[in-house]
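Colleague: run29.txt is the file, holding compact mmCIF, C-alpha atoms and all ligand atoms:
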# COMPACT_ATOMS: atom_id res chain seq x y z
CA MET N 12 -5.12 -14.38 -11.00
CA SER N 13 -7.64 -12.27 -12.83
CA PRO N 14 -9.23 -8.95 -11.90
CA ASP N 15 -12.66 -10.62 -11.62
CA GLN N 16 -11.42 -12.24 -8.42
CA ILE N 17 -11.24 -8.85 -6.73
CA TYR N 18 -13.20 -9.07 -3.50
CA PHE N 19 -16.33 -7.04 -2.64
CA ILE N 20 -17.28 -6.37 -6.27
CA ARG N 21 -18.83 -9.71 -7.23
CA THR N 22 -22.58 -9.48 -6.83
CA GLU N 23 -25.88 -10.03 -8.58
CA LEU N 24 -27.40 -7.06 -6.73
CA ASP N 25 -29.15 -4.65 -9.10
CA ARG N 26 -28.77 -1.15 -7.64
CA CYS N 27 -31.93 -0.01 -9.48
CA ALA N 28 -30.66 3.57 -9.55
CA ASN N 29 -33.64 4.65 -11.65
CA MET N 30 -36.01 3.63 -8.84
CA ARG N 31 -34.45 5.80 -6.15
CA GLU N 32 -36.66 8.79 -6.92
CA GLN N 33 -39.78 6.61 -7.15
CA LYS N 34 -40.85 6.62 -3.50
CA GLN N 35 -44.35 5.34 -4.20
CA ARG N 36 -43.09 2.44 -6.30
CA ILE N 37 -40.69 1.35 -3.58
CA LYS N 38 -43.46 1.68 -1.01
CA GLN N 39 -45.74 -0.53 -3.12
CA LEU N 40 -43.02 -3.13 -3.70
CA LYS N 41 -42.37 -3.29 0.03
CA LYS N 42 -45.93 -4.58 0.52
CA PHE N 43 -45.53 -7.78 -1.47
CA LYS N 44 -41.80 -8.41 -1.82
CA THR N 45 -39.44 -9.76 0.77
CA CYS N 46 -37.40 -6.93 2.28
CA HIS N 47 -34.11 -7.04 4.14
CA TYR N 48 -32.99 -4.21 6.41
CA VAL N 49 -29.30 -3.91 7.28
CA PRO N 50 -28.63 -1.84 10.42
CA VAL N 51 -25.43 0.18 10.11
CA TYR N 52 -23.73 2.30 12.72
CA ARG N 53 -20.62 4.30 11.87
CA GLY N 54 -20.15 2.03 8.86
CA ASN N 55 -20.15 -1.09 11.00
CA HIS N 56 -22.46 -4.09 11.23
CA ILE N 57 -23.40 -6.66 13.85
CA TYR N 58 -22.16 -10.24 13.45
CA PRO N 59 -24.21 -12.04 16.10
CA ASP N 60 -24.12 -15.78 15.50
CA SER N 61 -21.24 -16.60 13.21
CA ASP N 62 -18.66 -14.73 11.22
CA ASP N 63 -20.25 -15.47 7.83
CA ALA N 64 -23.31 -13.25 8.18
CA PHE N 65 -24.10 -9.88 9.68
CA PHE N 66 -27.43 -9.12 11.33
CA ILE N 67 -30.23 -8.49 8.85
CA SER N 68 -33.71 -7.58 10.03
CA ASP N 69 -36.96 -8.32 8.20
CA ILE N 70 -38.53 -5.21 9.70
CA PRO N 71 -37.26 -1.62 9.35
CA LEU N 72 -35.01 -0.32 12.10
CA GLY N 73 -34.33 3.26 13.16
CA ALA N 74 -35.92 6.32 11.58
CA GLU N 75 -37.61 5.85 8.22
CA LYS N 76 -35.81 8.90 6.84
CA MET N 77 -32.47 7.15 7.48
CA GLN N 78 -33.46 4.16 5.36
CA SER N 79 -31.48 3.84 2.14
CA PHE N 80 -32.53 1.70 -0.80
CA LEU N 81 -29.61 -0.51 -1.85
CA GLY N 82 -31.29 -2.41 -4.67
CA ILE N 83 -32.84 -5.75 -5.61
CA LEU N 84 -31.20 -9.14 -5.29
CA ASN N 85 -33.02 -12.35 -6.25
CA ASP N 86 -36.30 -10.43 -6.45
CA GLU N 87 -35.88 -9.20 -2.85
CA LEU N 88 -35.40 -5.60 -1.75
CA TRP N 89 -32.42 -4.53 0.34
CA PHE N 90 -32.20 -1.44 2.52
CA SER N 91 -29.59 -0.08 4.88
CA CYS N 92 -30.75 1.60 8.09
CA GLY N 93 -28.45 4.24 9.54
CA LEU N 94 -28.87 4.12 13.33
CA THR N 95 -28.31 6.81 15.92
CA GLU N 96 -26.03 6.05 18.86
CA LYS N 97 -29.05 5.40 21.10
CA GLU N 98 -30.62 3.04 18.56
CA ALA N 99 -27.30 1.26 18.02
CA ILE N 100 -26.80 0.68 21.75
CA ALA N 101 -30.36 -0.62 22.08
CA LEU N 102 -29.81 -3.11 19.26
CA GLU N 103 -26.47 -4.19 20.70
CA THR N 104 -28.16 -4.86 24.03
CA GLN N 105 -31.02 -6.75 22.38
CA LEU N 106 -28.67 -8.96 20.36
CA ASP N 107 -25.95 -9.08 23.01
CA CYS N 108 -23.40 -8.26 20.35
CA GLN N 109 -21.53 -5.16 19.22
CA PHE N 110 -21.22 -3.32 15.92
CA GLU N 111 -17.92 -4.22 14.31
CA SER N 112 -15.90 -3.43 11.20
CA ILE N 113 -16.17 -5.69 8.18
CA ARG N 114 -12.37 -6.10 8.09
CA GLN N 115 -12.18 -9.16 10.27
CA TYR N 116 -15.24 -10.82 8.75
CA ALA N 117 -14.69 -10.01 5.08
CA MET N 118 -13.33 -13.34 3.92
CA ALA N 119 -16.07 -15.36 5.60
CA LEU N 120 -18.91 -13.50 3.89
CA ALA N 121 -20.48 -14.77 0.66
CA ASP N 122 -19.93 -12.46 -2.32
CA ASP N 123 -23.35 -10.77 -2.28
CA LEU N 124 -23.25 -10.17 1.47
CA ALA N 125 -19.69 -8.84 1.33
CA HIS N 126 -20.76 -6.42 -1.36
CA ILE N 127 -23.86 -5.30 0.55
CA ALA N 128 -21.81 -4.79 3.72
CA LEU N 129 -19.29 -2.61 1.93
CA TYR N 130 -21.96 -0.73 -0.03
CA SER N 131 -24.00 0.05 3.10
CA ARG N 132 -20.81 1.01 4.93
CA GLY N 133 -19.78 3.53 2.28
CA LEU N 134 -23.25 5.07 2.12
CA ASP N 135 -23.56 5.27 5.90
CA LEU N 136 -20.16 6.90 6.43
CA TRP N 137 -20.93 9.50 3.78
CA GLN N 138 -24.35 10.26 5.30
CA ARG N 139 -22.91 10.65 8.82
CA LYS N 140 -20.15 12.99 7.71
CA ASN N 141 -22.49 15.28 5.83
CA LYS N 142 -25.20 16.25 8.25
CA PHE N 143 -24.73 19.87 7.23
CA CYS N 144 -24.37 21.52 3.84
CA SER N 145 -20.75 22.27 2.98
CA ILE N 146 -21.84 25.39 1.07
CA CYS N 147 -24.24 27.20 3.42
CA GLY N 148 -24.05 25.22 6.68
CA THR N 149 -27.76 24.44 6.96
CA LEU N 150 -29.07 20.97 7.75
CA ASN N 151 -28.97 18.37 4.96
CA GLU N 152 -31.87 15.97 4.38
CA LEU N 153 -31.54 12.59 2.72
CA GLU N 154 -33.26 12.27 -0.64
CA SER N 155 -33.23 9.88 -3.57
CA SER N 156 -33.67 6.92 -1.18
CA GLY N 157 -30.47 7.79 0.67
CA HIS N 158 -28.26 8.54 -2.34
CA LYS N 159 -28.48 12.33 -2.37
CA MET N 160 -28.51 15.07 0.24
CA VAL N 161 -30.21 18.40 -0.17
CA CYS N 162 -30.01 21.35 2.22
CA GLU N 163 -32.65 23.96 3.05
CA ASN N 164 -31.29 26.16 0.27
CA GLY N 165 -31.45 23.42 -2.33
CA HIS N 166 -27.73 22.63 -2.55
CA GLU N 167 -27.34 19.04 -3.67
CA HIS N 168 -24.66 16.64 -2.47
CA PHE N 169 -23.79 13.15 -3.70
CA PRO N 170 -21.62 10.40 -2.16
CA HIS N 171 -18.07 11.60 -2.03
CA ILE N 172 -15.58 9.12 -3.50
CA GLU N 173 -11.82 9.63 -3.34
CA PRO N 174 -9.94 7.85 -6.14
CA ALA N 175 -6.63 6.31 -5.20
CA VAL N 176 -4.13 4.51 -7.42
CA ILE N 177 -2.40 1.32 -6.34
CA VAL N 178 0.43 -0.05 -8.44
CA LEU N 179 2.44 -3.23 -8.70
CA VAL N 180 5.76 -2.24 -10.24
CA SER N 181 7.81 -5.12 -11.61
CA LYS N 182 11.26 -5.55 -13.08
CA GLY N 183 11.90 -9.04 -14.37
CA ASP N 184 11.14 -11.46 -11.56
CA GLN N 185 11.18 -8.74 -8.92
CA CYS N 186 8.40 -6.48 -7.67
CA LEU N 187 8.49 -3.27 -5.70
CA LEU N 188 6.77 -3.28 -2.31
CA GLY N 189 6.92 -0.84 0.54
CA ARG N 190 5.73 -0.11 4.05
CA LYS N 191 4.64 3.04 5.82
CA HIS N 192 5.85 4.08 9.27
CA SER N 193 2.38 3.58 10.75
CA TRP N 194 1.93 -0.03 9.61
CA PRO N 195 2.32 -3.06 11.91
CA PRO N 196 5.77 -4.71 11.80
CA ASN N 197 6.74 -6.66 8.66
CA VAL N 198 3.70 -5.60 6.64
CA TYR N 199 4.51 -4.77 3.02
CA SER N 200 2.24 -3.82 0.15
CA THR N 201 2.11 -2.30 -3.31
CA LEU N 202 2.65 1.44 -3.58
CA ALA N 203 -0.48 3.57 -3.45
CA GLY N 204 -1.72 7.11 -3.10
CA PHE N 205 -4.57 9.48 -3.80
CA VAL N 206 -5.23 11.12 -7.14
CA GLU N 207 -4.82 14.86 -6.67
CA ALA N 208 -7.07 17.71 -7.83
CA GLY N 209 -6.64 18.38 -11.52
CA GLU N 210 -4.54 15.27 -12.06
CA SER N 211 -5.17 12.39 -14.44
CA ILE N 212 -5.16 8.85 -13.07
CA GLU N 213 -2.23 7.99 -15.34
CA ASP N 214 -0.15 10.90 -14.05
CA ALA N 215 -1.00 9.94 -10.46
CA VAL N 216 0.38 6.43 -11.05
CA HIS N 217 3.71 7.80 -12.28
CA ARG N 218 3.90 10.47 -9.59
CA GLU N 219 3.05 8.22 -6.64
CA VAL N 220 5.55 5.54 -7.60
CA TYR N 221 8.26 8.14 -8.16
CA GLU N 222 7.51 10.03 -4.92
CA GLU N 223 7.47 6.93 -2.74
CA SER N 224 10.37 5.07 -4.32
CA ASN N 225 12.26 7.25 -6.83
CA VAL N 226 11.57 4.57 -9.44
CA ARG N 227 10.47 5.58 -12.95
CA ILE N 228 7.94 3.35 -14.72
CA LYS N 229 6.53 2.56 -18.19
CA ASP N 230 3.77 0.41 -19.72
CA VAL N 231 1.17 1.21 -17.10
CA THR N 232 -1.81 -1.11 -17.58
CA TYR N 233 -5.13 -1.06 -15.79
CA PHE N 234 -5.85 -4.12 -13.65
CA GLY N 235 -9.18 -3.45 -11.94
CA SER N 236 -10.91 -1.45 -9.24
CA GLN N 237 -12.17 -1.99 -5.74
CA PRO N 238 -14.46 0.18 -3.64
CA TRP N 239 -12.69 0.96 -0.38
CA PRO N 240 -14.92 2.89 2.03
CA PHE N 241 -12.29 3.22 4.76
CA PRO N 242 -13.63 5.83 4.72
CA SER N 243 -14.36 6.77 1.10
CA SER N 244 -11.79 5.57 -1.41
CA LEU N 245 -12.03 3.83 -4.73
CA MET N 246 -8.87 1.85 -5.43
CA LEU N 247 -7.75 1.88 -9.06
CA ALA N 248 -5.22 -0.88 -9.55
CA PHE N 249 -2.45 -0.96 -12.15
CA ASN N 250 0.57 -2.96 -13.21
CA ALA N 251 3.67 -1.17 -14.42
CA GLU N 252 7.22 -1.95 -15.47
CA ALA N 253 10.19 -0.22 -13.93
CA VAL N 254 12.65 1.62 -16.14
CA SER N 255 14.95 2.43 -13.21
CA ASP N 256 15.64 0.52 -10.01
CA ASP N 257 17.46 2.89 -7.70
CA ILE N 258 15.28 3.36 -4.60
CA ARG N 259 15.12 6.54 -2.55
CA LEU N 260 12.48 6.96 0.15
CA ASP N 261 10.24 9.91 0.85
CA ASP N 262 9.11 10.83 4.38
CA GLU N 263 5.92 8.79 4.09
CA MET N 264 7.68 5.44 3.62
CA GLU N 265 9.68 3.49 6.18
CA ASP N 266 10.98 1.05 3.61
CA VAL N 267 10.64 0.22 -0.09
CA ARG N 268 12.39 -2.79 -1.61
CA TRP N 269 12.63 -5.05 -4.58
CA PHE N 270 11.41 -8.56 -3.77
CA LYS N 271 12.23 -11.60 -5.87
CA LYS N 272 9.27 -13.90 -6.52
CA GLN N 273 10.79 -16.89 -4.74
CA ASP N 274 11.81 -14.84 -1.70
CA LEU N 275 8.39 -13.26 -1.43
CA ILE N 276 6.65 -16.64 -1.53
CA LYS N 277 9.12 -18.12 0.97
CA TRP N 278 9.01 -15.21 3.42
CA ALA N 279 5.23 -14.80 3.23
CA LYS N 280 4.84 -18.51 3.98
CA ALA N 281 7.26 -18.29 6.90
CA GLY N 282 5.50 -15.19 8.25
CA SER N 283 8.63 -13.05 8.21
CA ILE N 284 6.80 -10.74 5.83
CA ILE N 285 3.09 -10.00 6.01
CA LEU N 286 1.32 -9.06 2.79
CA SER N 287 -2.01 -7.28 2.42
CA PRO N 288 -5.02 -9.46 3.35
CA ARG N 289 -6.74 -11.53 0.70
CA PHE N 290 -9.75 -9.24 0.45
CA THR N 291 -7.61 -6.33 -0.78
CA VAL N 292 -6.85 -5.52 -4.39
CA ALA N 293 -3.19 -5.20 -3.34
CA ASN N 294 -3.27 -8.93 -2.65
CA ASN N 295 -4.79 -9.53 -6.10
CA LEU N 296 -1.96 -7.55 -7.71
CA ILE N 297 0.76 -9.43 -5.81
CA SER N 298 -0.86 -12.82 -6.38
CA ASN N 299 -1.22 -11.99 -10.07
CA PHE N 300 2.48 -11.18 -10.25
CA LEU N 301 3.48 -14.36 -8.42
CA GLY N 302 1.11 -16.51 -10.49
CA LYS N 303 -0.42 -17.97 -7.35
CA ARG N 304 -2.74 -16.84 -4.59
CA ILE N 305 -0.75 -15.74 -1.62
ZN ZN N 401 -26.68 24.56 1.37
For this file, write the structure as structure tokens.
Ligand SMILES: [Zn+2]
Modeller:
Amino acid sequence: MSPDQIYFIRTELDRCANMREQKQRIKQLKKFKTCHYVPVYRGNHIYPDSDDAFFISDIPLGAEKMQSFLGILNDELWFSCGLTEKEAIALETQLDCQFESIRQYAMALADDLAHIALYSRGLDLWQRKNKFCSICGTLNELESSGHKMVCENGHEHFPHIEPAVIVLVSKGDQCLLGRKHSWPPNVYSTLAGFVEAGESIEDAVHREVYEESNVRIKDVTYFGSQPWPFPSSLMLAFNAEAVSDDIRLDDEMEDVRWFKKQDLIKWAKAGSIILSPRFTVANNLISNFLGKRI
């Protein structure tokens, strides 16, 4: 199981970041290139006909100022269109279908579409949460084709990403998985947590594992990353080896345990334990440890 199998990140889409400030160029390209407009409401999309494609319009939807340039894929331009509640309801009525989260459709989407759905979701959630400047409180306007916000007093804001570490800790043929109080019954996953202000990623890996399990680790190696706009994380995945195995829980965790490979495979198959879904990097880490996709 290699990091390049991480879901949501495989795409041929060129973000064309250097074109975002070139309004006239984008306007010209729109005249003779095929354009796709992805309506987004509260980070969600509409899946009208089948679960392997969300609704994509060939004409712009909503206000032009809420259009964000996502990039170019196969010589075609892609935009996301952030809709107001009124516009979203109108589109739902027209298509007789509701806006829904990508979670339940993720695995059915082709790589490029899965990436575009997640990309437009992250951008849309950030735009909705930042209607006003966090410095002076005046109204923000979208600039740079949807990738920057600027208020009346010229304060600039960029998409806010929260880095989080996620770690598969192993000791011989055992790995350390845990569950939080809020999770559905029998769900277990790798330990994870947010990187704190002023903290290095490496220190966050050691701290989070120790806080949640009391286990000390060594040989931390980077595995890969996955954008996770639920609402604004970036998951940074690592493998690590345990140097202690005595578990003690903090308040956040309901349970943390060592699982033997064979048990994990057997119990996951039987459904007595539920591991993170296949589209998560946690699943990549566990599958990588087991040597088979689970
Ligand atoms: Zn301001």
Colleague: Could you give me, as JSON, numbers by chain, every polymer residue with an atom at most 8 Å away from an atom of ligand ZN 401 (chain N), counting all atoms listed in the file?
Modeller: {"N": [143, 144, 145, 146, 147, 148, 149, 150, 151, 161, 162, 163, 164, 165, 166, 167]}
Colleague: Just C-alpha atoms for this one: save the residues we selected as a compact mmCIF listing (two decimals), keeping the file's coordinate frame.
Modeller:
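Result saved to selection_0.txt:
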# COMPACT_ATOMS: atom_id res chain seq x y z
CA PHE N 143 -24.73 19.87 7.23
CA CYS N 144 -24.37 21.52 3.84
CA SER N 145 -20.75 22.27 2.98
CA ILE N 146 -21.84 25.39 1.07
CA CYS N 147 -24.24 27.20 3.42
CA GLY N 148 -24.05 25.22 6.68
CA THR N 149 -27.76 24.44 6.96
CA LEU N 150 -29.07 20.97 7.75
CA ASN N 151 -28.97 18.37 4.96
CA VAL N 161 -30.21 18.40 -0.17
CA CYS N 162 -30.01 21.35 2.22
CA GLU N 163 -32.65 23.96 3.05
CA ASN N 164 -31.29 26.16 0.27
CA GLY N 165 -31.45 23.42 -2.33
CA HIS N 166 -27.73 22.63 -2.55
CA GLU N 167 -27.34 19.04 -3.67
Colleague: Could you pull the residues within 9 Å of region 275-287 of chain N, counting all atoms listed in the file, minus those fewer than 6 positions along the same chain, as number ranges by chain?
Modeller: N: 196-201, 293-294, 297, 301, 305
Colleague: Give the answer as one residue: which of N:Ile83, N:Ala74, N:Ile17, N:Leu202 has the shortest atom-to-atom distance to Thr45 (chain N), using all atoms listed in the file?
Modeller: N:Ile83
Colleague: Could you pull the residues within 9 Å of Phe19 (chain N), counting all atoms listed in the file, minus those fewer than 4 positions along the same chain, as a CSV table (one decimal) with C-alpha atoms, in the coordinates of the input?
Modeller:
chain,number,residue,atom,x,y,z
N,117,ALA,CA,-14.7,-10.0,5.1
N,122,ASP,CA,-19.9,-12.5,-2.3
N,123,ASP,CA,-23.4,-10.8,-2.3
N,124,LEU,CA,-23.2,-10.2,1.5
N,125,ALA,CA,-19.7,-8.8,1.3
N,126,HIS,CA,-20.8,-6.4,-1.4
N,127,ILE,CA,-23.9,-5.3,0.6
N,128,ALA,CA,-21.8,-4.8,3.7
N,129,LEU,CA,-19.3,-2.6,1.9
N,130,TYR,CA,-22.0,-0.7,0.0
N,237,GLN,CA,-12.2,-2.0,-5.7
N,238,PRO,CA,-14.5,0.2,-3.6
N,290,PHE,CA,-9.8,-9.2,0.4
N,291,THR,CA,-7.6,-6.3,-0.8
Colleague: Which residues are near Arg31 (chain N)? Cut-off 8 Å, all atoms listed in the file, ignore same chain within fewer than 2 positions. Put them as a ChimeraX atom specification.
Modeller: /N:27-29,33-34,80,155-156,158
Colleague: Counting all atoms listed in the file, which of N:Leu245, N:Ala64, N:Val220, N:Leu40 gets nearest to Met264 (chain N)?
Modeller: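 For Met264 (chain N), the nearest of the given residues is N:Val220.
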